[in-house]
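input16.txt, holding compact mmCIF, C-alpha atoms and all ligand atoms:
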```
# COMPACT_ATOMS: atom_id res chain seq x y z
CA MET A 1 -11.57 11.75 6.53
CA LYS A 2 -14.72 9.67 5.78
CA HIS A 3 -13.17 7.20 3.32
CA LEU A 4 -9.62 6.21 2.32
CA LEU A 5 -9.63 6.14 -1.47
CA SER A 6 -6.37 7.75 -2.57
CA THR A 7 -3.18 9.05 -0.96
CA ALA A 8 -3.65 12.15 -3.10
CA ASP A 9 -6.62 13.04 -0.83
CA LEU A 10 -4.52 12.96 2.37
CA SER A 11 -3.23 16.20 3.88
CA HIS A 12 0.14 16.23 5.64
CA SER A 13 -1.55 16.21 9.06
CA GLU A 14 -3.90 13.34 8.12
CA ALA A 15 -0.98 11.27 6.79
CA VAL A 16 1.10 11.91 9.92
CA LEU A 17 -1.89 11.11 12.15
CA ILE A 18 -2.25 7.71 10.44
CA LEU A 19 1.49 7.02 10.91
CA ASP A 20 1.34 8.08 14.57
CA THR A 21 -1.72 5.91 15.19
CA THR A 22 0.04 3.03 13.41
CA ALA A 23 2.96 3.41 15.83
CA GLN A 24 0.50 3.08 18.73
CA MET A 25 -1.06 0.00 17.18
CA ALA A 26 2.36 -1.54 16.53
CA ALA A 27 3.31 -0.85 20.16
CA THR A 28 0.25 -2.76 21.44
CA GLN A 29 1.16 -5.69 19.18
CA ALA A 30 4.80 -5.61 20.37
CA ARG A 31 3.52 -5.80 23.97
CA GLU A 32 1.63 -8.91 22.90
CA VAL A 33 -1.70 -7.19 23.57
CA LYS A 34 -3.11 -9.13 20.65
CA LYS A 35 -6.71 -7.98 20.90
CA LEU A 36 -8.17 -4.52 21.58
CA PRO A 37 -11.89 -3.97 22.27
CA THR A 38 -12.12 -0.82 20.14
CA LEU A 39 -14.39 -2.08 17.33
CA ARG A 40 -16.44 -4.66 19.24
CA GLY A 41 -19.89 -5.00 17.66
CA ARG A 42 -18.79 -3.50 14.32
CA THR A 43 -18.74 -5.44 11.07
CA VAL A 44 -15.96 -5.02 8.49
CA VAL A 45 -16.56 -6.49 5.02
CA ASN A 46 -13.56 -7.44 2.86
CA LEU A 47 -14.84 -7.23 -0.72
CA PHE A 48 -12.16 -8.69 -3.01
CA PHE A 49 -12.82 -8.80 -6.76
CA GLU A 50 -9.12 -9.41 -7.48
CA ASP A 51 -6.61 -11.83 -5.98
CA SER A 52 -4.63 -10.85 -2.89
CA THR A 53 -2.57 -12.53 -0.20
CA ARG A 54 -1.04 -9.79 1.95
CA THR A 55 -3.73 -7.10 1.79
CA ARG A 56 -6.73 -9.38 2.32
CA ILE A 57 -5.16 -11.33 5.18
CA SER A 58 -3.82 -8.24 6.90
CA PHE A 59 -7.15 -6.37 6.73
CA GLU A 60 -8.82 -9.44 8.23
CA THR A 61 -6.15 -9.70 10.94
CA ALA A 62 -6.35 -5.97 11.67
CA ALA A 63 -10.14 -5.99 12.03
CA LYS A 64 -10.05 -9.05 14.29
CA ARG A 65 -7.32 -7.52 16.48
CA LEU A 66 -9.70 -4.59 17.02
CA SER A 67 -12.48 -7.09 17.94
CA ALA A 68 -14.61 -6.35 14.87
CA ASP A 69 -16.63 -9.07 13.13
CA VAL A 70 -15.24 -9.77 9.66
CA ILE A 71 -17.05 -10.95 6.54
CA ASN A 72 -14.76 -12.05 3.70
CA PHE A 73 -16.31 -11.75 0.27
CA SER A 74 -14.48 -12.96 -2.78
CA ALA A 75 -15.95 -12.42 -6.26
CA LYS A 76 -15.03 -16.00 -7.14
CA GLY A 77 -17.78 -18.19 -5.74
CA SER A 78 -20.20 -15.28 -5.17
CA SER A 79 -23.19 -14.05 -7.19
CA VAL A 80 -20.81 -11.63 -8.96
CA SER A 81 -19.86 -14.61 -11.13
CA LYS A 82 -23.58 -14.81 -12.09
CA GLY A 83 -23.44 -11.19 -13.23
CA GLU A 84 -24.53 -9.32 -10.08
CA SER A 85 -23.56 -5.64 -10.28
CA LEU A 86 -21.40 -3.65 -7.87
CA LYS A 87 -24.54 -1.68 -6.92
CA ASP A 88 -26.55 -4.78 -5.99
CA THR A 89 -23.56 -6.23 -4.15
CA ALA A 90 -23.28 -2.95 -2.19
CA LEU A 91 -27.01 -2.89 -1.38
CA THR A 92 -26.73 -6.47 -0.11
CA LEU A 93 -23.83 -5.50 2.17
CA LYS A 94 -25.79 -2.49 3.46
CA ALA A 95 -28.77 -4.73 4.24
CA MET A 96 -26.43 -7.02 6.20
CA GLY A 97 -25.20 -4.09 8.33
CA ALA A 98 -21.65 -3.51 7.08
CA ASP A 99 -19.95 -0.78 9.14
CA ALA A 100 -16.93 -0.52 6.82
CA VAL A 101 -16.15 -1.92 3.40
CA VAL A 102 -12.64 -2.75 2.21
CA ILE A 103 -12.62 -3.16 -1.56
CA ARG A 104 -10.07 -4.43 -4.09
CA HIS A 105 -11.24 -4.21 -7.69
CA GLN A 106 -9.67 -4.60 -11.11
CA ALA A 107 -11.34 -1.39 -12.33
CA SER A 108 -9.65 1.89 -11.46
CA GLY A 109 -12.24 4.05 -9.69
CA ALA A 110 -14.49 1.26 -8.36
CA PRO A 111 -13.86 2.24 -4.69
CA TYR A 112 -14.70 5.86 -5.53
CA THR A 113 -18.01 4.77 -7.09
CA LEU A 114 -18.80 2.61 -4.07
CA ALA A 115 -18.07 5.51 -1.71
CA HIS A 116 -19.98 8.20 -3.59
CA ALA A 117 -22.88 6.53 -5.40
CA GLY A 118 -25.08 6.60 -2.29
CA TRP A 119 -25.45 2.81 -2.08
CA LEU A 120 -23.71 2.57 1.34
CA ASP A 121 -23.47 4.71 4.49
CA ALA A 122 -20.23 3.05 5.59
CA PRO A 123 -16.60 4.18 5.16
CA VAL A 124 -14.95 2.67 2.08
CA ILE A 125 -11.26 1.72 2.09
CA ASN A 126 -9.46 1.19 -1.19
CA ALA A 127 -7.40 -2.02 -1.02
CA GLY A 128 -6.12 -1.54 -4.59
CA ASP A 129 -8.06 -0.50 -7.72
CA GLY A 130 -6.75 -1.32 -11.18
CA THR A 131 -3.62 0.69 -11.91
CA HIS A 132 -4.87 3.66 -9.88
CA GLN A 133 -4.19 3.56 -6.11
CA HIS A 134 -3.27 1.35 -3.16
CA PRO A 135 -3.26 3.77 -0.23
CA THR A 136 -2.72 1.35 2.66
CA GLN A 137 0.30 -0.12 0.83
CA ALA A 138 1.83 3.35 0.52
CA LEU A 139 1.07 4.07 4.18
CA LEU A 140 2.77 0.87 5.33
CA ASP A 141 5.74 1.69 3.09
CA ALA A 142 5.96 5.20 4.57
CA PHE A 143 5.64 3.82 8.10
CA THR A 144 8.44 1.30 7.46
CA ILE A 145 10.68 4.02 6.01
CA ARG A 146 9.90 6.39 8.92
CA ARG A 147 10.63 3.70 11.50
CA HIS A 148 13.99 2.79 9.93
CA LEU A 149 15.29 6.16 8.79
CA VAL A 150 13.60 8.79 11.00
CA SER A 151 11.85 7.75 14.24
CA ASP A 152 8.53 6.69 15.70
CA SER A 153 8.17 10.09 17.39
CA VAL A 154 4.72 11.66 17.21
CA GLY A 155 4.55 14.07 14.28
CA ALA A 156 7.62 12.78 12.42
CA ASP A 157 7.47 12.92 8.63
CA LEU A 158 9.93 11.98 5.87
CA ARG A 159 11.32 15.44 5.16
CA GLY A 160 14.61 15.37 3.26
CA LEU A 161 14.68 11.65 2.55
CA LYS A 162 15.49 10.48 -0.99
CA ILE A 163 13.46 7.55 -2.25
CA VAL A 164 14.02 5.79 -5.59
CA ILE A 165 11.14 3.70 -6.99
CA VAL A 166 12.12 1.31 -9.80
CA GLY A 167 10.26 -0.69 -12.41
CA ASP A 168 6.84 -1.17 -13.94
CA VAL A 169 5.39 2.23 -13.04
CA LEU A 170 2.88 2.02 -15.89
CA HIS A 171 0.80 -0.72 -14.23
CA SER A 172 1.62 0.12 -10.62
CA ARG A 173 -1.01 1.47 -8.23
CA VAL A 174 1.70 1.15 -5.55
CA ALA A 175 3.92 3.65 -7.40
CA ARG A 176 1.09 6.17 -7.84
CA ALA A 177 0.05 5.90 -4.20
CA ASN A 178 3.65 6.19 -2.99
CA VAL A 179 4.62 9.17 -5.14
CA HIS A 180 1.76 11.25 -3.73
CA LEU A 181 2.15 10.16 -0.11
CA LEU A 182 5.95 10.41 0.02
CA HIS A 183 5.77 13.88 -1.55
CA THR A 184 3.13 14.97 1.00
CA LEU A 185 5.41 13.71 3.78
CA GLY A 186 8.35 15.77 2.47
CA ALA A 187 10.45 13.09 0.76
CA HIS A 188 12.02 13.50 -2.67
CA VAL A 189 11.01 10.73 -5.07
CA THR A 190 12.78 9.61 -8.25
CA LEU A 191 11.07 7.07 -10.51
CA VAL A 192 13.31 4.85 -12.64
CA ALA A 193 11.77 2.82 -15.48
CA PRO A 194 12.15 2.00 -19.15
CA PRO A 195 10.19 4.50 -21.27
CA THR A 196 7.76 1.70 -22.24
CA LEU A 197 6.76 1.19 -18.60
CA LEU A 198 6.00 4.83 -17.75
CA PRO A 199 2.54 6.42 -18.17
CA VAL A 200 2.26 9.66 -20.14
CA SER A 201 0.73 11.32 -17.08
CA VAL A 202 3.99 10.88 -15.12
CA GLU A 203 5.00 14.36 -16.26
CA THR A 204 2.39 15.80 -13.88
CA TRP A 205 3.44 13.73 -10.85
CA PRO A 206 5.44 15.35 -8.02
CA CYS A 207 8.69 13.47 -8.67
CA ASP A 208 11.74 13.19 -10.93
CA VAL A 209 11.93 10.54 -13.65
CA SER A 210 14.96 8.67 -15.00
CA TYR A 211 15.53 5.80 -17.46
CA HIS A 212 18.89 4.82 -15.96
CA LEU A 213 19.15 2.92 -12.68
CA ASP A 214 22.93 2.81 -12.13
CA GLN A 215 23.30 6.51 -12.89
CA THR A 216 20.36 7.37 -10.58
CA ILE A 217 21.76 5.34 -7.70
CA ASP A 218 25.15 7.05 -8.06
CA GLU A 219 23.70 10.57 -8.37
CA VAL A 220 20.78 10.41 -5.89
CA GLN A 221 22.41 8.18 -3.24
CA PRO A 222 18.94 7.11 -2.06
CA ASP A 223 18.00 6.43 1.55
CA ALA A 224 15.53 3.80 0.36
CA ILE A 225 14.98 1.93 -2.89
CA MET A 226 11.61 0.39 -3.70
CA MET A 227 11.47 -2.30 -6.38
CA LEU A 228 8.12 -2.71 -8.15
CA ARG A 229 6.69 -5.98 -9.37
CA VAL A 230 6.70 -6.43 -13.14
CA GLN A 231 2.98 -7.01 -13.76
CA ARG A 232 3.13 -9.42 -16.68
CA GLU A 233 -0.54 -10.38 -16.22
CA ARG A 234 -1.67 -6.81 -16.96
CA MET A 235 0.61 -6.64 -20.02
CA SER A 236 -0.80 -9.81 -21.61
CA SER A 237 -4.43 -8.90 -20.79
CA ALA A 238 -3.88 -5.54 -22.50
CA GLY A 239 -2.51 -7.37 -25.54
CA GLY A 240 0.86 -5.65 -25.11
CA GLY A 241 4.30 -7.18 -25.04
CA PHE A 242 6.94 -6.83 -22.38
CA PHE A 243 9.67 -4.60 -23.69
CA PRO A 244 12.51 -4.69 -22.83
CA SER A 245 12.66 -8.49 -22.68
CA PRO A 246 12.81 -10.08 -19.20
CA LEU A 247 16.57 -10.71 -19.55
CA GLU A 248 17.23 -7.14 -20.65
CA TYR A 249 14.95 -5.80 -17.91
CA THR A 250 16.89 -7.65 -15.22
CA ARG A 251 20.19 -6.43 -16.64
CA LEU A 252 19.10 -2.78 -16.75
CA TYR A 253 16.60 -2.47 -13.89
CA GLY A 254 16.94 -5.48 -11.60
CA LEU A 255 18.34 -5.07 -8.09
CA ASP A 256 21.15 -7.57 -7.59
CA GLY A 257 24.17 -7.79 -5.28
CA ARG A 258 26.30 -5.58 -7.51
CA ARG A 259 23.74 -2.75 -7.52
CA MET A 260 23.04 -3.19 -3.83
CA ASP A 261 26.73 -2.48 -3.15
CA ARG A 262 26.38 0.90 -4.91
CA LEU A 263 23.69 2.03 -2.41
CA PRO A 264 24.67 4.09 0.65
CA PRO A 265 25.40 1.80 3.63
CA HIS A 266 22.24 2.89 5.50
CA ALA A 267 19.87 2.46 2.53
CA ILE A 268 16.97 0.03 2.90
CA ILE A 269 15.28 -2.12 0.24
CA LEU A 270 11.49 -2.32 -0.11
CA HIS A 271 9.17 -4.35 -2.33
CA PRO A 272 5.36 -4.44 -1.99
CA GLY A 273 5.16 -8.12 -2.94
CA PRO A 274 4.48 -10.48 -4.47
CA MET A 275 8.05 -10.59 -5.83
CA ASN A 276 9.28 -11.96 -9.13
CA ARG A 277 12.57 -13.24 -7.74
CA GLY A 278 15.22 -13.21 -10.44
CA LEU A 279 13.38 -10.59 -12.51
CA GLU A 280 13.09 -7.26 -10.68
CA ILE A 281 14.99 -8.40 -7.57
CA SER A 282 17.55 -11.13 -6.92
CA ALA A 283 17.27 -13.50 -3.98
CA GLU A 284 20.51 -11.98 -2.66
CA ALA A 285 18.89 -8.52 -2.48
CA ALA A 286 15.47 -9.72 -1.28
CA ASP A 287 16.96 -11.73 1.58
CA SER A 288 19.78 -9.33 2.52
CA PRO A 289 19.98 -7.57 5.91
CA ARG A 290 19.07 -4.32 4.11
CA SER A 291 15.75 -5.77 2.98
CA VAL A 292 12.68 -4.71 5.02
CA ILE A 293 10.24 -6.65 2.85
CA VAL A 294 9.00 -9.01 5.56
CA GLU A 295 8.72 -6.11 8.00
CA GLN A 296 6.53 -4.27 5.46
CA VAL A 297 4.03 -7.13 5.75
CA SER A 298 3.99 -6.95 9.57
CA ASN A 299 3.59 -3.19 9.48
CA GLY A 300 0.66 -3.65 7.10
CA VAL A 301 -1.43 -5.07 9.94
CA ALA A 302 -0.71 -2.07 12.21
CA VAL A 303 -1.43 0.42 9.41
CA ARG A 304 -4.77 -1.26 8.63
CA MET A 305 -5.67 -1.31 12.33
CA ALA A 306 -4.97 2.43 12.43
CA VAL A 307 -7.04 3.16 9.32
CA LEU A 308 -10.01 1.08 10.52
CA TYR A 309 -9.79 2.69 13.94
CA LEU A 310 -9.66 6.25 12.61
CA LEU A 311 -12.43 5.78 10.06
CA LEU A 312 -14.78 3.82 12.28
CA THR A 313 -14.42 5.83 15.47
CA GLY A 314 -13.92 9.22 13.84
CA ASP A 315 -12.23 10.20 17.10
CA HIS A 316 -9.07 11.67 15.61
CA SER A 317 -8.17 13.87 18.56
CA GLU A 318 -7.64 10.95 20.92
CA ALA A 319 -6.35 8.54 18.33
CA THR A 320 -3.10 7.95 20.16
CA GLN A 321 -4.74 7.12 23.50
CA HIS A 322 -7.77 4.89 22.98
CA PRO A 323 -6.33 2.00 21.02
CA SER A 324 -3.91 0.78 23.68
CA THR A 325 -6.56 -0.40 26.14
CA PRO A 326 -6.49 -4.21 26.01
CA ALA A 327 -9.62 -6.36 25.79
N1 LIG A 401 1.19 -5.76 -1.89
C1 LIG A 401 0.00 -6.32 -2.19
O1 LIG A 401 -1.00 -5.64 -2.45
O2 LIG A 401 -0.01 -7.69 -2.11
P1 LIG A 401 -1.28 -8.61 -2.35
O3 LIG A 401 -1.66 -8.49 -3.80
O4 LIG A 401 -0.82 -10.00 -1.97
O5 LIG A 401 -2.38 -8.11 -1.46
```
Translate the structure described by the file into structure tokens.
Amino acid sequence: MKHLLSTADLSHSEAVLILDTTAQMAATQAREVKKLPTLRGRTVVNLFFEDSTRTRISFETAAKRLSADVINFSAKGSSVSKGESLKDTALTLKAMGADAVVIRHQASGAPYTLAHAGWLDAPVINAGDGTHQHPTQALLDAFTIRRHLVSDSVGADLRGLKIVIVGDVLHSRVARANVHLLHTLGAHVTLVAPPTLLPVSVETWPCDVSYHLDQTIDEVQPDAIMMLRVQRERMSSAGGGFFPSPLEYTRLYGLDGRRMDRLPPHAIILHPGPMNRGLEISAEAADSPRSVIVEQVSNGVAVRMAVLYLLLTGDHSEATQHPSTPA
């Protein structure tokens, strides 16, 4: 594994290795070993062409907890706003000695270009590209599900679990990343969305598809339900409308107290954030004891520590031993 661009590239053993390494990283953080020396002297560049709160801050936190130097680059306020290309930006980062580049970009495929165009020698990590992929989000979701519903044991996967993902699949890189990763880890995924918010390509994805949330909850009895953000900004920029209307969407696809009561008692609720409270999820559901949404954010730091560690050290065989040595 030289880069992390898509969950579709991960084998079962690579995905499990990342989850196992994440468990080790989370254990060091739980022991209040805040800083590990593992990446001392390395430089991680966070290259964000699109807005982010969780992903950008957690990559920065993860790199610093591994003792790396961090350069935060935001397109706003940089020479990108003067028209500088991705190639020239990449060559500038190479000249400054970047050891890893984390990139979020509005264009699907931009991380792939950065990784394979020959502009950089460093590992590239996709922090979300257009509507395509968000692999570290899917990994933190899988880790959260594994921790709650399976165990932190080395080698554990998600075999046999039933996961329902609900909402704006059309614009969701989180949904694409999760469908591939959860399938690789042995879970059964059902997507629920209005027909207008499903891509044509969904027919080729390794999952079931439904238009009816109540019926799906009753029939599937999911172990976990993941609510997707309705991405109104991508709808208006594409010149499209939002159909069904927001009120109708909430009535048919929103997770509220009534729907929460139909879930099995052990089922957990996930959302990648940021949430549209009152649209795809009610405050009652988001703040309920079943919700693991805040925990997803904490687990995001451990996942990103694991990914940076594995890509920058390349020492996969001892991944579960090295990271726990405190600075
Ligand atoms: N989940 C997620 O990617 O959130 P941010 O856009 O805040 O990074």
For this session: Kindly compile the residues surrounding ligand LIG 401 (chain A) within 10 Å, counting all atoms listed in the file, and format them as a ChimeraX atom specification.
Result: /A:48,50-59,104,127-128,134-138,140,173-174,228-229,271-275,296-297,300
With 10 Å as the cut-off and all atoms listed in the file counted, what is the closest atom pair between each nearby residue of range 93-174 of chain A and range 249-253 of chain A? Distances in Å to one decimal, ordered by chain and number, as a Markdown table.
```
| residue | atom | partner | partner_atom | distance |
| --- | --- | --- | --- | --- |
| A:Val166 | CA | A:Tyr253 | CA | 7.1 |
| A:Gly167 | CA | A:Tyr253 | CA | 6.7 |
| A:Asp168 | CA | A:Tyr253 | CA | 9.8 |
```
Exercise. When you draw a straight line from CA of Arg232 in chain A to CA of Pro246 in chain A, how long is it in Å?
Worked result: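 We find that CA of Arg232 in chain A and CA of Pro246 in chain A lie 10.0 Å from each other.
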For this session: Give me the residues within 12 Å of Thr92 in chain A as a PyMOL selection string, counting all atoms listed in the file and dropping any in the same chain fewer than 6 places off.
Result: chain A and resi 45+47+73+79-80+84-86+98+119-120
Store the residues of this selection in a file with C-alpha atoms, as a compact mmCIF listing (two decimals), in the frame of the given file.
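Result went into out.txt, see below:
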```
# COMPACT_ATOMS: atom_id res chain seq x y z
CA VAL A 45 -16.56 -6.49 5.02
CA LEU A 47 -14.84 -7.23 -0.72
CA PHE A 73 -16.31 -11.75 0.27
CA SER A 79 -23.19 -14.05 -7.19
CA VAL A 80 -20.81 -11.63 -8.96
CA GLU A 84 -24.53 -9.32 -10.08
CA SER A 85 -23.56 -5.64 -10.28
CA LEU A 86 -21.40 -3.65 -7.87
CA ALA A 98 -21.65 -3.51 7.08
CA TRP A 119 -25.45 2.81 -2.08
CA LEU A 120 -23.71 2.57 1.34
```
For the contact check between range 168-278 of chain A and range 143-153 of chain A, emit one row per residue of range 168-278 of chain A within 9 Å, containing the shortest atom pair and the distance in Å rounded to one decimal, counting only C-alpha atoms, chain then rising number order, as CSV.
```
residue,atom,partner,partner_atom,distance
A:Asp223,CA,A:Leu149,CA,7.7
A:Ala224,CA,A:Ile145,CA,7.4
A:His266,CA,A:Leu149,CA,8.4
A:Ala267,CA,A:Leu149,CA,8.6
A:Ile268,CA,A:Ile145,CA,8.1
A:Leu270,CA,A:Ile145,CA,8.8
```
Could you write range 298-317 of chain A as a PDB file, in the coordinates of the input, with N, CA and C atoms rebuilt where they are missing?
```pdb
ATOM      1  N   SER A 298       4.420  -7.098   8.168  1.00  0.00           N
ATOM      2  CA  SER A 298       3.990  -6.950   9.570  1.00  0.00           C
ATOM      3  C   SER A 298       3.405  -5.568   9.810  1.00  0.00           C
ATOM      4  N   ASN A 299       4.081  -4.555   9.269  1.00  0.00           N
ATOM      5  CA  ASN A 299       3.590  -3.190   9.480  1.00  0.00           C
ATOM      6  C   ASN A 299       2.248  -2.963   8.796  1.00  0.00           C
ATOM      7  N   GLY A 300       1.953  -3.759   7.776  1.00  0.00           N
ATOM      8  CA  GLY A 300       0.660  -3.650   7.100  1.00  0.00           C
ATOM      9  C   GLY A 300      -0.504  -3.893   8.037  1.00  0.00           C
ATOM     10  N   VAL A 301      -0.340  -4.793   8.986  1.00  0.00           N
ATOM     11  CA  VAL A 301      -1.430  -5.070   9.940  1.00  0.00           C
ATOM     12  C   VAL A 301      -1.657  -3.829  10.818  1.00  0.00           C
ATOM     13  N   ALA A 302      -0.577  -3.246  11.331  1.00  0.00           N
ATOM     14  CA  ALA A 302      -0.710  -2.070  12.210  1.00  0.00           C
ATOM     15  C   ALA A 302      -1.306  -0.883  11.457  1.00  0.00           C
ATOM     16  N   VAL A 303      -0.883  -0.687  10.212  1.00  0.00           N
ATOM     17  CA  VAL A 303      -1.430   0.420   9.410  1.00  0.00           C
ATOM     18  C   VAL A 303      -2.936   0.222   9.209  1.00  0.00           C
ATOM     19  N   ARG A 304      -3.333  -1.015   8.904  1.00  0.00           N
ATOM     20  CA  ARG A 304      -4.770  -1.260   8.630  1.00  0.00           C
ATOM     21  C   ARG A 304      -5.581  -1.177   9.908  1.00  0.00           C
ATOM     22  N   MET A 305      -4.987  -1.539  11.046  1.00  0.00           N
ATOM     23  CA  MET A 305      -5.670  -1.310  12.330  1.00  0.00           C
ATOM     24  C   MET A 305      -5.900   0.186  12.525  1.00  0.00           C
ATOM     25  N   ALA A 306      -4.865   0.973  12.241  1.00  0.00           N
ATOM     26  CA  ALA A 306      -4.970   2.430  12.430  1.00  0.00           C
ATOM     27  C   ALA A 306      -6.041   3.025  11.519  1.00  0.00           C
ATOM     28  N   VAL A 307      -6.064   2.604  10.271  1.00  0.00           N
ATOM     29  CA  VAL A 307      -7.040   3.160   9.320  1.00  0.00           C
ATOM     30  C   VAL A 307      -8.458   2.772   9.730  1.00  0.00           C
ATOM     31  N   LEU A 308      -8.666   1.504  10.096  1.00  0.00           N
ATOM     32  CA  LEU A 308     -10.010   1.080  10.520  1.00  0.00           C
ATOM     33  C   LEU A 308     -10.426   1.838  11.774  1.00  0.00           C
ATOM     34  N   TYR A 309      -9.498   1.970  12.695  1.00  0.00           N
ATOM     35  CA  TYR A 309      -9.790   2.690  13.940  1.00  0.00           C
ATOM     36  C   TYR A 309     -10.193   4.136  13.659  1.00  0.00           C
ATOM     37  N   LEU A 310      -9.392   4.829  12.871  1.00  0.00           N
ATOM     38  CA  LEU A 310      -9.660   6.250  12.610  1.00  0.00           C
ATOM     39  C   LEU A 310     -10.957   6.451  11.844  1.00  0.00           C
ATOM     40  N   LEU A 311     -11.217   5.598  10.859  1.00  0.00           N
ATOM     41  CA  LEU A 311     -12.430   5.780  10.060  1.00  0.00           C
ATOM     42  C   LEU A 311     -13.683   5.363  10.818  1.00  0.00           C
ATOM     43  N   LEU A 312     -13.579   4.331  11.622  1.00  0.00           N
ATOM     44  CA  LEU A 312     -14.780   3.820  12.280  1.00  0.00           C
ATOM     45  C   LEU A 312     -15.113   4.537  13.575  1.00  0.00           C
ATOM     46  N   THR A 313     -14.120   5.090  14.235  1.00  0.00           N
ATOM     47  CA  THR A 313     -14.420   5.830  15.470  1.00  0.00           C
ATOM     48  C   THR A 313     -14.567   7.314  15.188  1.00  0.00           C
ATOM     49  N   GLY A 314     -13.867   7.793  14.170  1.00  0.00           N
ATOM     50  CA  GLY A 314     -13.920   9.220  13.840  1.00  0.00           C
ATOM     51  C   GLY A 314     -13.349  10.098  14.929  1.00  0.00           C
ATOM     52  N   ASP A 315     -12.711   9.459  15.931  1.00  0.00           N
ATOM     53  CA  ASP A 315     -12.230  10.200  17.100  1.00  0.00           C
ATOM     54  C   ASP A 315     -10.754  10.521  16.919  1.00  0.00           C
ATOM     55  N   HIS A 316     -10.456  11.419  15.978  1.00  0.00           N
ATOM     56  CA  HIS A 316      -9.070  11.670  15.610  1.00  0.00           C
ATOM     57  C   HIS A 316      -8.261  12.336  16.713  1.00  0.00           C
ATOM     58  N   SER A 317      -8.924  13.122  17.551  1.00  0.00           N
ATOM     59  CA  SER A 317      -8.170  13.870  18.560  1.00  0.00           C
ATOM     60  C   SER A 317      -7.538  12.955  19.593  1.00  0.00           C
TER      61      SER A 317
END
```
